[in-house]
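Listing of run_14.cif; format and content: mmCIF, C-alpha atoms and all ligand atoms.
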data_model
#
loop_
_atom_site.label_atom_id
_atom_site.label_comp_id
_atom_site.auth_asym_id
_atom_site.auth_seq_id
_atom_site.Cartn_x
_atom_site.Cartn_y
_atom_site.Cartn_z
CA MET Q 16 106.04 107.33 198.48
CA THR Q 17 103.33 108.63 200.71
CA THR Q 18 104.23 111.26 203.26
CA SER Q 19 102.31 109.56 206.03
CA PRO Q 20 102.77 105.81 205.78
CA LYS Q 21 100.73 104.00 208.40
CA ASN Q 22 103.21 101.35 209.34
CA VAL Q 23 106.64 102.78 209.85
CA GLY Q 24 106.99 101.53 213.38
CA ILE Q 25 105.51 104.61 214.96
CA PRO Q 26 102.98 103.34 217.48
CA GLN Q 27 99.75 105.30 217.66
CA PRO Q 28 97.98 106.02 220.94
CA VAL Q 29 95.49 103.35 221.78
CA ALA Q 30 92.39 103.31 223.90
CA GLY Q 31 89.51 101.06 224.79
CA PRO Q 32 88.51 98.32 227.17
CA SER Q 33 90.56 95.21 227.83
CA ARG Q 34 89.69 92.36 225.50
CA LEU Q 35 91.87 89.76 227.14
CA PRO Q 36 90.52 86.23 227.07
CA ILE Q 37 93.32 85.17 229.43
CA PRO Q 38 93.89 86.95 232.74
CA LEU Q 39 97.50 87.96 232.09
CA PRO Q 40 99.18 90.10 234.73
CA ARG Q 41 98.50 93.74 233.89
CA SER Q 42 100.71 95.68 236.24
CA PRO Q 43 104.35 96.37 235.32
CA VAL Q 44 106.61 93.70 236.72
CA GLU Q 45 110.27 94.32 237.33
CA ARG Q 46 112.13 91.11 236.57
CA ASP Q 47 114.89 89.77 234.43
CA ALA Q 48 113.56 89.12 230.93
CA SER Q 49 115.56 85.91 230.77
CA ASP Q 50 112.97 84.53 233.21
CA ILE Q 51 110.50 84.30 230.37
CA SER Q 52 112.77 83.53 227.44
CA CYS Q 53 111.87 80.56 225.29
CA TRP Q 54 113.44 78.79 222.34
CA GLY Q 55 112.19 79.17 218.79
CA ARG Q 56 113.13 76.93 215.89
CA LEU Q 57 114.59 78.21 212.62
CA THR Q 58 114.09 76.54 209.24
CA ASP Q 59 117.28 74.49 209.56
CA GLY Q 60 116.19 73.22 212.98
CA SER Q 61 118.58 75.39 214.98
CA LEU Q 62 117.21 77.26 217.99
CA VAL Q 63 117.20 80.96 218.84
CA LEU Q 64 116.06 82.62 222.00
CA VAL Q 65 112.85 84.62 221.84
CA ARG Q 66 111.39 86.86 224.49
CA PRO Q 67 109.12 89.88 224.85
CA LEU Q 68 110.87 93.23 224.93
CA ARG Q 69 110.37 95.27 228.06
CA ASP Q 70 108.86 98.71 228.06
CA GLY Q 71 111.71 101.16 227.52
CA GLU Q 72 114.19 98.47 226.44
CA ARG Q 73 116.39 100.08 223.81
CA VAL Q 74 119.38 97.78 223.28
CA PRO Q 75 117.69 95.08 221.14
CA VAL Q 76 116.06 97.69 218.92
CA LEU Q 77 119.36 99.52 218.41
CA GLU Q 78 121.30 96.29 217.83
CA VAL Q 79 118.97 95.18 215.06
CA PHE Q 80 118.97 98.60 213.43
CA ALA Q 81 122.79 98.69 213.53
CA ASP Q 82 122.98 95.31 211.79
CA MET Q 83 120.51 96.16 209.01
CA SER Q 84 121.78 97.31 205.61
CA PRO Q 85 120.74 100.74 204.31
CA ARG Q 86 118.44 98.96 201.85
CA SER Q 87 116.71 96.95 204.59
CA ARG Q 88 116.31 100.07 206.72
CA TYR Q 89 114.75 101.86 203.77
CA LEU Q 90 112.32 99.02 203.13
CA ARG Q 91 111.40 98.82 206.80
CA PHE Q 92 110.91 102.52 207.50
CA LEU Q 93 109.94 103.58 203.96
CA THR Q 94 112.56 106.31 203.99
CA PRO Q 95 116.40 106.36 204.11
CA MET Q 96 117.44 106.03 207.77
CA LYS Q 97 121.04 106.49 208.88
CA GLU Q 98 120.06 106.41 212.52
CA LEU Q 99 117.03 106.19 214.73
CA SER Q 100 116.10 109.54 216.23
CA PRO Q 101 115.54 109.67 220.00
CA ALA Q 102 111.82 110.25 219.31
CA MET Q 103 111.67 107.17 217.11
CA VAL Q 104 113.51 105.07 219.69
CA GLU Q 105 111.04 106.27 222.30
CA ARG Q 106 108.10 105.28 220.12
CA LEU Q 107 109.59 101.91 219.23
CA THR Q 108 110.28 101.09 222.87
CA THR Q 109 106.99 102.24 224.38
CA LEU Q 110 105.27 98.98 225.18
CA ASP Q 111 102.45 97.89 227.44
CA GLY Q 112 102.18 94.16 226.81
CA ARG Q 113 98.64 94.41 225.45
CA ASP Q 114 98.09 97.19 222.89
CA ARG Q 115 101.76 97.73 222.13
CA VAL Q 116 103.76 94.54 222.09
CA ALA Q 117 107.24 93.63 220.79
CA TRP Q 118 109.22 90.41 220.83
CA GLY Q 119 112.86 89.89 219.92
CA ALA Q 120 114.91 86.93 218.67
CA PHE Q 121 118.44 86.58 220.03
CA SER Q 122 121.48 84.66 218.90
CA GLU Q 123 124.88 84.64 220.60
CA GLY Q 124 123.71 87.34 222.98
CA ARG Q 125 122.70 89.81 220.27
CA CYS Q 126 119.26 90.65 218.98
CA ILE Q 127 118.78 89.44 215.39
CA GLY Q 128 115.15 90.43 214.80
CA VAL Q 129 112.25 92.32 216.30
CA VAL Q 130 108.53 92.10 215.61
CA ARG Q 131 105.90 94.43 217.02
CA TYR Q 132 102.25 95.28 216.89
CA VAL Q 133 100.30 98.36 217.88
CA GLN Q 134 96.56 97.99 218.26
CA LEU Q 135 94.59 100.45 216.13
CA VAL Q 136 92.47 102.97 218.00
CA ASP Q 137 89.71 102.95 215.41
CA ARG Q 138 89.71 99.20 214.80
CA PRO Q 139 89.73 97.26 218.07
CA GLY Q 140 90.93 93.72 217.53
CA THR Q 141 93.19 94.86 214.67
CA ALA Q 142 96.84 95.82 215.07
CA ASP Q 143 99.46 97.27 212.78
CA VAL Q 144 102.46 94.93 212.52
CA ALA Q 145 106.09 95.68 211.69
CA PHE Q 146 109.19 93.50 211.75
CA GLU Q 147 112.85 93.47 210.85
CA VAL Q 148 115.58 90.85 210.74
CA VAL Q 149 119.30 91.60 210.48
CA ASP Q 150 120.58 90.97 206.97
CA ARG Q 151 123.03 88.20 207.89
CA MET Q 152 120.09 86.10 209.18
CA HIS Q 153 117.70 86.53 206.23
CA ARG Q 154 116.00 83.46 204.74
CA ARG Q 155 116.57 81.29 207.79
CA GLY Q 156 113.04 81.50 209.16
CA VAL Q 157 113.56 84.27 211.73
CA GLY Q 158 110.86 86.49 210.20
CA ARG Q 159 108.31 83.68 210.07
CA LEU Q 160 109.16 82.59 213.61
CA LEU Q 161 108.73 86.13 214.93
CA LEU Q 162 105.41 86.57 213.14
CA GLY Q 163 104.24 83.31 214.69
CA VAL Q 164 105.39 84.47 218.11
CA LEU Q 165 103.62 87.80 217.71
CA ALA Q 166 100.45 86.10 216.47
CA SER Q 167 100.44 83.95 219.61
CA ALA Q 168 100.77 87.04 221.78
CA ALA Q 169 98.12 88.84 219.73
CA GLU Q 170 95.70 85.94 220.05
CA ALA Q 171 96.14 85.99 223.82
CA ASN Q 172 95.32 89.71 223.75
CA GLY Q 173 92.16 89.37 221.65
CA ILE Q 174 93.65 90.64 218.39
CA THR Q 175 92.37 88.83 215.31
CA ALA Q 176 93.97 90.68 212.39
CA PHE Q 177 97.22 92.41 211.52
CA THR Q 178 97.52 95.25 209.03
CA LEU Q 179 100.76 96.23 207.35
CA THR Q 180 102.11 98.68 204.81
CA VAL Q 181 104.79 97.40 202.47
CA HIS Q 182 107.02 98.99 199.85
CA PRO Q 183 106.29 97.46 196.41
CA GLU Q 184 109.96 96.43 196.05
CA ASN Q 185 109.96 94.62 199.39
CA SER Q 186 109.92 91.07 198.07
CA GLY Q 187 110.93 89.71 201.48
CA SER Q 188 107.98 91.15 203.37
CA LEU Q 189 105.53 90.51 200.54
CA GLY Q 190 106.82 86.96 200.08
CA LEU Q 191 106.68 86.16 203.77
CA THR Q 192 103.25 87.61 204.48
CA ARG Q 193 101.62 86.43 201.24
CA ALA Q 194 102.79 82.92 202.06
CA LEU Q 195 100.84 83.37 205.32
CA SER Q 196 97.68 84.45 203.42
CA ALA Q 197 98.06 88.25 203.56
CA ARG Q 198 95.92 90.14 201.04
CA PHE Q 199 97.15 93.49 199.65
CA ARG Q 200 95.70 96.55 197.94
CA PHE Q 201 97.90 99.02 196.10
CA VAL Q 202 97.28 102.47 197.63
CA ASP Q 203 99.29 105.63 196.93
CA GLY Q 204 102.35 103.71 195.79
CA LEU Q 205 102.41 101.26 198.70
CA TYR Q 206 100.83 97.90 199.44
CA GLU Q 207 98.29 98.00 202.27
CA GLY Q 208 97.81 94.49 203.61
CA GLU Q 209 95.68 92.54 206.00
CA LEU Q 210 96.78 89.30 207.61
CA PRO Q 211 94.45 87.23 209.83
CA VAL Q 212 96.14 86.16 213.08
CA ALA Q 213 94.48 82.75 212.74
CA ALA Q 214 96.07 82.29 209.30
CA VAL Q 215 99.53 82.85 210.79
CA LEU Q 216 98.89 80.42 213.62
CA GLY Q 217 97.37 77.87 211.25
CA ASP Q 218 100.32 77.89 208.85
CA GLY Q 219 102.10 74.55 208.81
CA ARG Q 220 105.61 76.00 208.81
CA VAL Q 221 104.80 78.47 211.58
CA ARG Q 222 103.40 75.63 213.65
CA GLN Q 223 106.53 73.61 212.99
CA GLN Q 224 108.67 76.46 214.26
CA LEU Q 225 106.49 77.22 217.30
CA ASP Q 226 104.95 73.99 218.46
CA GLY Q 227 108.06 71.86 218.42
CA VAL Q 228 109.36 73.83 221.37
CA GLY Q 229 106.04 74.50 223.13
CA LEU Q 230 106.40 78.17 222.35
CA ARG Q 231 102.72 79.03 222.02
CA HIS Q 232 102.06 77.88 225.56
CA HIS Q 233 104.89 80.01 226.93
CA ILE Q 234 103.84 83.08 224.98
CA ALA Q 235 100.21 82.95 226.07
CA PHE Q 236 101.29 83.02 229.69
CA ALA Q 237 104.24 85.39 229.40
CA PRO Q 238 103.81 88.29 231.79
CA TRP Q 239 104.38 91.81 230.63
CA VAL Q 240 107.81 92.96 231.70
CA ALA Q 241 108.63 96.62 232.20
CA VAL Q 242 111.81 98.46 233.04
CA ASP Q 243 112.19 101.67 234.94
CA ARG Q 244 112.54 104.35 232.23
CA ALA Q 245 114.34 106.62 234.64
CA ALA Q 246 117.05 104.02 235.28
C1 LIG Q 301 111.05 90.85 205.49
C2 LIG Q 301 112.02 90.15 206.41
C3 LIG Q 301 111.68 90.45 207.85
C4 LIG Q 301 111.92 88.61 206.19
O1 LIG Q 301 112.66 87.99 207.23
P1 LIG Q 301 113.41 86.59 207.01
O2 LIG Q 301 113.84 86.11 208.33
O3 LIG Q 301 114.46 86.74 205.97
O4 LIG Q 301 112.23 85.71 206.42
P2 LIG Q 301 112.10 84.13 206.57
O5 LIG Q 301 113.41 83.46 206.43
O6 LIG Q 301 111.32 83.83 207.79
O7 LIG Q 301 111.22 83.80 205.27
C5 LIG Q 301 110.06 83.01 205.33
C6 LIG Q 301 109.47 82.94 203.91
O8 LIG Q 301 109.15 84.26 203.46
C7 LIG Q 301 109.41 84.33 202.05
N1 LIG Q 301 110.54 85.24 201.81
C8 LIG Q 301 111.41 85.74 202.70
N2 LIG Q 301 112.28 86.57 202.10
C9 LIG Q 301 111.96 86.58 200.80
C10 LIG Q 301 112.48 87.26 199.68
N3 LIG Q 301 113.54 88.10 199.78
N4 LIG Q 301 111.89 87.07 198.48
C11 LIG Q 301 110.83 86.25 198.36
N5 LIG Q 301 110.28 85.55 199.39
C12 LIG Q 301 110.84 85.75 200.61
C13 LIG Q 301 109.78 82.92 201.61
O9 LIG Q 301 108.58 82.23 201.31
C14 LIG Q 301 110.40 82.38 202.89
O10 LIG Q 301 110.38 80.98 202.95
P3 LIG Q 301 111.62 80.15 202.28
O11 LIG Q 301 112.91 80.82 202.69
O12 LIG Q 301 111.47 78.78 202.85
O13 LIG Q 301 111.40 80.23 200.81
C15 LIG Q 301 113.49 90.55 206.11
O14 LIG Q 301 113.72 90.41 204.75
C16 LIG Q 301 113.79 91.99 206.53
O15 LIG Q 301 114.11 92.25 207.68
N6 LIG Q 301 113.73 92.93 205.58
C17 LIG Q 301 114.05 94.34 205.87
C18 LIG Q 301 113.06 95.00 206.80
C19 LIG Q 301 111.65 94.88 206.27
O16 LIG Q 301 111.41 94.97 205.09
N7 LIG Q 301 110.69 94.70 207.18
C20 LIG Q 301 109.28 94.55 206.83
C21 LIG Q 301 108.64 95.88 206.64
S1 LIG Q 301 106.94 95.68 206.08
#

Please re-express this file's structure in structure tokens.
Ligand SMILES: CC(C)(COP(=O)(O)OP(=O)(O)OC[C@H]1O[C@@H](n2cnc3c(N)ncnc32)[C@H](O)[C@@H]1OP(=O)(O)O)[C@@H](O)C(=O)NCCC(=O)NCCS
Amino acid sequence: MTTSPKNVGIPQPVAGPSRLPIPLPRSPVERDASDISCWGRLTDGSLVLVRPLRDGERVPVLEVFADMSPRSRYLRFLTPMKELSPAMVERLTTLDGRDRVAWGAFSEGRCIGVVRYVQLVDRPGTADVAFEVVDRMHRRGVGRLLLGVLASAAEANGITAFTLTVHPENSGSLGLTRALSARFRFVDGLYEGELPVAAVLGDGRVRQQLDGVGLRHHIAFAPWVAVDRAA
């Protein structure tokens, strides 16, 4: 394992001009996130709630981590993780709705999966993606739904490609992203992948999960929601 994996959910600082094709609200807005929740469809047709995470919102991130097995945590973070350090939580919850974006899926009031991207400083229009789904919900389409949701948000923010770093034993992540046209190179014991945003949005099963509930429309116009970190 490399000592400095690129995609372990540690957002890098980003810079550069706005590339938004859609004039989304840019200033932090204090509002209840349920205002902009939408429904997403799983493979069996059942619905889960999806919504953007707010800047500084810790609970969904901690809920998903708590409900992941040690093996899933290892595959996600590329190292054994008993708990998330305060610094890691801070990094995972620092969001701005444009360069650092995260969405969550919720079922019965608890977060069951999170997907995030962080735009790369040295490659504008490209963002590193990471995602995790609680073990009890695997193979029900949550991961694909969340990638579709994130791709919709990325498209609205002018991002055209995702990059990701995957452990070679991570058949779930490799299976999911390869099915969406990701291409991988084996580098220093890990798979470095690239996944076009358009390929995600053009995938028939993603479209089935998103379009049936009008999700793409909602995502494109979802405002960025922030919370007061001091609260
Ligand atoms: C990777 C992960 C997010 C997939 O989430 P998921 O909700 O189980 O995936 P989905 O149900 O949406 O799967 C969609 C498709 O991906 C592929 N896939 C998913 N899991 C797979 C697996 N274990 N083996 C092979 N293919 C798999 C299949 O093609 C699947 O479609 P199908 O079920 O109709 O055959 C989940 O396994 C996870 O959280 N793993 C631990 C954390 C992690 O590895 N994160 C990614 C770091 S790069």

*Find the residues near Pro85 of chain Q: any atom within 8 Å, counting all atoms listed in the file, skip ones fewer than 6 places away on the same chain, and give them as a list in words.*
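Using all atoms listed in the file, the neighbours found are Pro95, Met96 and Lys97 of chain Q.
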
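Counting from atom CA of Arg66 of chain Q, the distance to atom CA of Phe121 of chain Q is 8.3 Å.
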
*Select the residues contacting ligand LIG 301 (chain Q) at a distance of at most 7 Å, based on only C-alpha atoms and all ligand atoms, then format the selection as number ranges by chain.*
Q: 87-88, 90-91, 145-150, 152-160, 179-181, 185-192, 194

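Note that the spacing between atom CA of Pro139 of chain Q and atom CA of Gly208 of chain Q amounts to 16.8 Å.
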
*Separation of atom CA of Phe92 of chain Q and atom CA of Ala169 of chain Q, in Å?*
22.4 Å

*Counting all atoms listed in the file, which of Q:Leu110, Q:Ala166, Q:Ala176, Q:Ala171 gets nearest to Leu135 of chain Q?*
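The closest residue to Leu135 of chain Q is Q:Ala176.
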
*Pick out the closest residue to Thr175 of chain Q from this set: Q:Arg106, Q:Arg193, Q:Arg138, Q:Arg222. Count all atoms listed in the file.*
Q:Arg138

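Residues of protein, DNA or RNA having at least one counted atom within 10 Å of (125.1, 89.1, 218.3), given all atoms listed in the file, are Pro75, Glu78, Val79, Asp82, Phe121, Ser122, Glu123, Gly124, Arg125, Cys126 and Ile127 of chain Q.
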
Reconstructed N, CA and C atoms for segment 183-218 of chain Q, given as a PDB file, in the frame of the given file:
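What ended up in result.pdb:
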ATOM      1  N   PRO Q 183     106.501  98.423 197.506  1.00  0.00           N
ATOM      2  CA  PRO Q 183     106.290  97.460 196.410  1.00  0.00           C
ATOM      3  C   PRO Q 183     107.543  96.664 196.042  1.00  0.00           C
ATOM      4  N   GLU Q 184     108.735  97.187 196.370  1.00  0.00           N
ATOM      5  CA  GLU Q 184     109.960  96.430 196.050  1.00  0.00           C
ATOM      6  C   GLU Q 184     110.377  95.496 197.192  1.00  0.00           C
ATOM      7  N   ASN Q 185     109.571  95.431 198.233  1.00  0.00           N
ATOM      8  CA  ASN Q 185     109.960  94.620 199.390  1.00  0.00           C
ATOM      9  C   ASN Q 185     109.529  93.170 199.202  1.00  0.00           C
ATOM     10  N   SER Q 186     110.298  92.452 198.382  1.00  0.00           N
ATOM     11  CA  SER Q 186     109.920  91.070 198.070  1.00  0.00           C
ATOM     12  C   SER Q 186     109.976  90.176 199.306  1.00  0.00           C
ATOM     13  N   GLY Q 187     110.844  90.518 200.259  1.00  0.00           N
ATOM     14  CA  GLY Q 187     110.930  89.710 201.480  1.00  0.00           C
ATOM     15  C   GLY Q 187     109.644  89.770 202.283  1.00  0.00           C
ATOM     16  N   SER Q 188     109.192  90.985 202.571  1.00  0.00           N
ATOM     17  CA  SER Q 188     107.980  91.150 203.370  1.00  0.00           C
ATOM     18  C   SER Q 188     106.752  90.646 202.625  1.00  0.00           C
ATOM     19  N   LEU Q 189     106.677  90.970 201.321  1.00  0.00           N
ATOM     20  CA  LEU Q 189     105.530  90.510 200.540  1.00  0.00           C
ATOM     21  C   LEU Q 189     105.533  88.989 200.426  1.00  0.00           C
ATOM     22  N   GLY Q 190     106.720  88.414 200.198  1.00  0.00           N
ATOM     23  CA  GLY Q 190     106.820  86.960 200.080  1.00  0.00           C
ATOM     24  C   GLY Q 190     106.426  86.270 201.370  1.00  0.00           C
ATOM     25  N   LEU Q 191     106.961  86.769 202.463  1.00  0.00           N
ATOM     26  CA  LEU Q 191     106.680  86.160 203.770  1.00  0.00           C
ATOM     27  C   LEU Q 191     105.203  86.255 204.123  1.00  0.00           C
ATOM     28  N   THR Q 192     104.626  87.442 204.012  1.00  0.00           N
ATOM     29  CA  THR Q 192     103.250  87.610 204.480  1.00  0.00           C
ATOM     30  C   THR Q 192     102.225  87.021 203.502  1.00  0.00           C
ATOM     31  N   ARG Q 193     102.542  87.073 202.204  1.00  0.00           N
ATOM     32  CA  ARG Q 193     101.620  86.430 201.240  1.00  0.00           C
ATOM     33  C   ARG Q 193     101.596  84.918 201.456  1.00  0.00           C
ATOM     34  N   ALA Q 194     102.752  84.364 201.785  1.00  0.00           N
ATOM     35  CA  ALA Q 194     102.790  82.920 202.060  1.00  0.00           C
ATOM     36  C   ALA Q 194     101.934  82.573 203.280  1.00  0.00           C
ATOM     37  N   LEU Q 195     101.679  83.576 204.122  1.00  0.00           N
ATOM     38  CA  LEU Q 195     100.840  83.370 205.320  1.00  0.00           C
ATOM     39  C   LEU Q 195      99.406  83.847 205.076  1.00  0.00           C
ATOM     40  N   SER Q 196      99.057  84.085 203.817  1.00  0.00           N
ATOM     41  CA  SER Q 196      97.680  84.450 203.420  1.00  0.00           C
ATOM     42  C   SER Q 196      97.367  85.941 203.487  1.00  0.00           C
ATOM     43  N   ALA Q 197      98.363  86.812 203.572  1.00  0.00           N
ATOM     44  CA  ALA Q 197      98.060  88.250 203.560  1.00  0.00           C
ATOM     45  C   ALA Q 197      97.464  88.638 202.209  1.00  0.00           C
ATOM     46  N   ARG Q 198      96.528  89.586 202.253  1.00  0.00           N
ATOM     47  CA  ARG Q 198      95.920  90.140 201.040  1.00  0.00           C
ATOM     48  C   ARG Q 198      96.280  91.616 200.971  1.00  0.00           C
ATOM     49  N   PHE Q 199      96.674  92.103 199.790  1.00  0.00           N
ATOM     50  CA  PHE Q 199      97.150  93.490 199.650  1.00  0.00           C
ATOM     51  C   PHE Q 199      96.319  94.274 198.643  1.00  0.00           C
ATOM     52  N   ARG Q 200      96.234  95.587 198.907  1.00  0.00           N
ATOM     53  CA  ARG Q 200      95.700  96.550 197.940  1.00  0.00           C
ATOM     54  C   ARG Q 200      96.802  97.559 197.678  1.00  0.00           C
ATOM     55  N   PHE Q 201      96.884  98.029 196.439  1.00  0.00           N
ATOM     56  CA  PHE Q 201      97.900  99.020 196.100  1.00  0.00           C
ATOM     57  C   PHE Q 201      97.303 100.410 196.306  1.00  0.00           C
ATOM     58  N   VAL Q 202      97.837 101.155 197.278  1.00  0.00           N
ATOM     59  CA  VAL Q 202      97.280 102.470 197.630  1.00  0.00           C
ATOM     60  C   VAL Q 202      98.403 103.495 197.703  1.00  0.00           C
ATOM     61  N   ASP Q 203      98.321 104.532 196.886  1.00  0.00           N
ATOM     62  CA  ASP Q 203      99.290 105.630 196.930  1.00  0.00           C
ATOM     63  C   ASP Q 203     100.734 105.133 196.856  1.00  0.00           C
ATOM     64  N   GLY Q 204     100.982 104.161 196.006  1.00  0.00           N
ATOM     65  CA  GLY Q 204     102.350 103.710 195.790  1.00  0.00           C
ATOM     66  C   GLY Q 204     102.860 102.691 196.791  1.00  0.00           C
ATOM     67  N   LEU Q 205     102.012 102.266 197.713  1.00  0.00           N
ATOM     68  CA  LEU Q 205     102.410 101.260 198.700  1.00  0.00           C
ATOM     69  C   LEU Q 205     101.376 100.134 198.741  1.00  0.00           C
ATOM     70  N   TYR Q 206     101.786  98.985 199.238  1.00  0.00           N
ATOM     71  CA  TYR Q 206     100.830  97.900 199.440  1.00  0.00           C
ATOM     72  C   TYR Q 206     100.284  97.957 200.876  1.00  0.00           C
ATOM     73  N   GLU Q 207      98.954  98.051 200.972  1.00  0.00           N
ATOM     74  CA  GLU Q 207      98.290  98.000 202.270  1.00  0.00           C
ATOM     75  C   GLU Q 207      97.734  96.589 202.425  1.00  0.00           C
ATOM     76  N   GLY Q 208      98.180  95.891 203.470  1.00  0.00           N
ATOM     77  CA  GLY Q 208      97.810  94.490 203.610  1.00  0.00           C
ATOM     78  C   GLY Q 208      97.060  94.177 204.874  1.00  0.00           C
ATOM     79  N   GLU Q 209      96.380  93.044 204.820  1.00  0.00           N
ATOM     80  CA  GLU Q 209      95.680  92.540 206.000  1.00  0.00           C
ATOM     81  C   GLU Q 209      96.029  91.060 206.134  1.00  0.00           C
ATOM     82  N   LEU Q 210      96.330  90.664 207.361  1.00  0.00           N
ATOM     83  CA  LEU Q 210      96.780  89.300 207.610  1.00  0.00           C
ATOM     84  C   LEU Q 210      96.042  88.757 208.845  1.00  0.00           C
ATOM     85  N   PRO Q 211      95.157  87.770 208.671  1.00  0.00           N
ATOM     86  CA  PRO Q 211      94.450  87.230 209.830  1.00  0.00           C
ATOM     87  C   PRO Q 211      95.426  86.534 210.791  1.00  0.00           C
ATOM     88  N   VAL Q 212      95.281  86.801 212.076  1.00  0.00           N
ATOM     89  CA  VAL Q 212      96.140  86.160 213.080  1.00  0.00           C
ATOM     90  C   VAL Q 212      95.972  84.639 213.013  1.00  0.00           C
ATOM     91  N   ALA Q 213      94.737  84.193 212.796  1.00  0.00           N
ATOM     92  CA  ALA Q 213      94.480  82.750 212.740  1.00  0.00           C
ATOM     93  C   ALA Q 213      95.212  82.095 211.570  1.00  0.00           C
ATOM     94  N   ALA Q 214      95.372  82.848 210.463  1.00  0.00           N
ATOM     95  CA  ALA Q 214      96.070  82.290 209.300  1.00  0.00           C
ATOM     96  C   ALA Q 214      97.546  82.078 209.625  1.00  0.00           C
ATOM     97  N   VAL Q 215      98.119  83.004 210.394  1.00  0.00           N
ATOM     98  CA  VAL Q 215      99.530  82.850 210.790  1.00  0.00           C
ATOM     99  C   VAL Q 215      99.667  81.606 211.671  1.00  0.00           C
ATOM    100  N   LEU Q 216      98.779  81.518 212.668  1.00  0.00           N
ATOM    101  CA  LEU Q 216      98.890  80.420 213.620  1.00  0.00           C
ATOM    102  C   LEU Q 216      98.527  79.072 213.001  1.00  0.00           C
ATOM    103  N   GLY Q 217      97.759  79.118 211.892  1.00  0.00           N
ATOM    104  CA  GLY Q 217      97.370  77.870 211.250  1.00  0.00           C
ATOM    105  C   GLY Q 217      98.359  77.408 210.197  1.00  0.00           C
ATOM    106  N   ASP Q 218      99.343  78.240 209.886  1.00  0.00           N
ATOM    107  CA  ASP Q 218     100.320  77.890 208.850  1.00  0.00           C
ATOM    108  C   ASP Q 218     101.199  76.731 209.318  1.00  0.00           C
TER     109      ASP Q 218
END
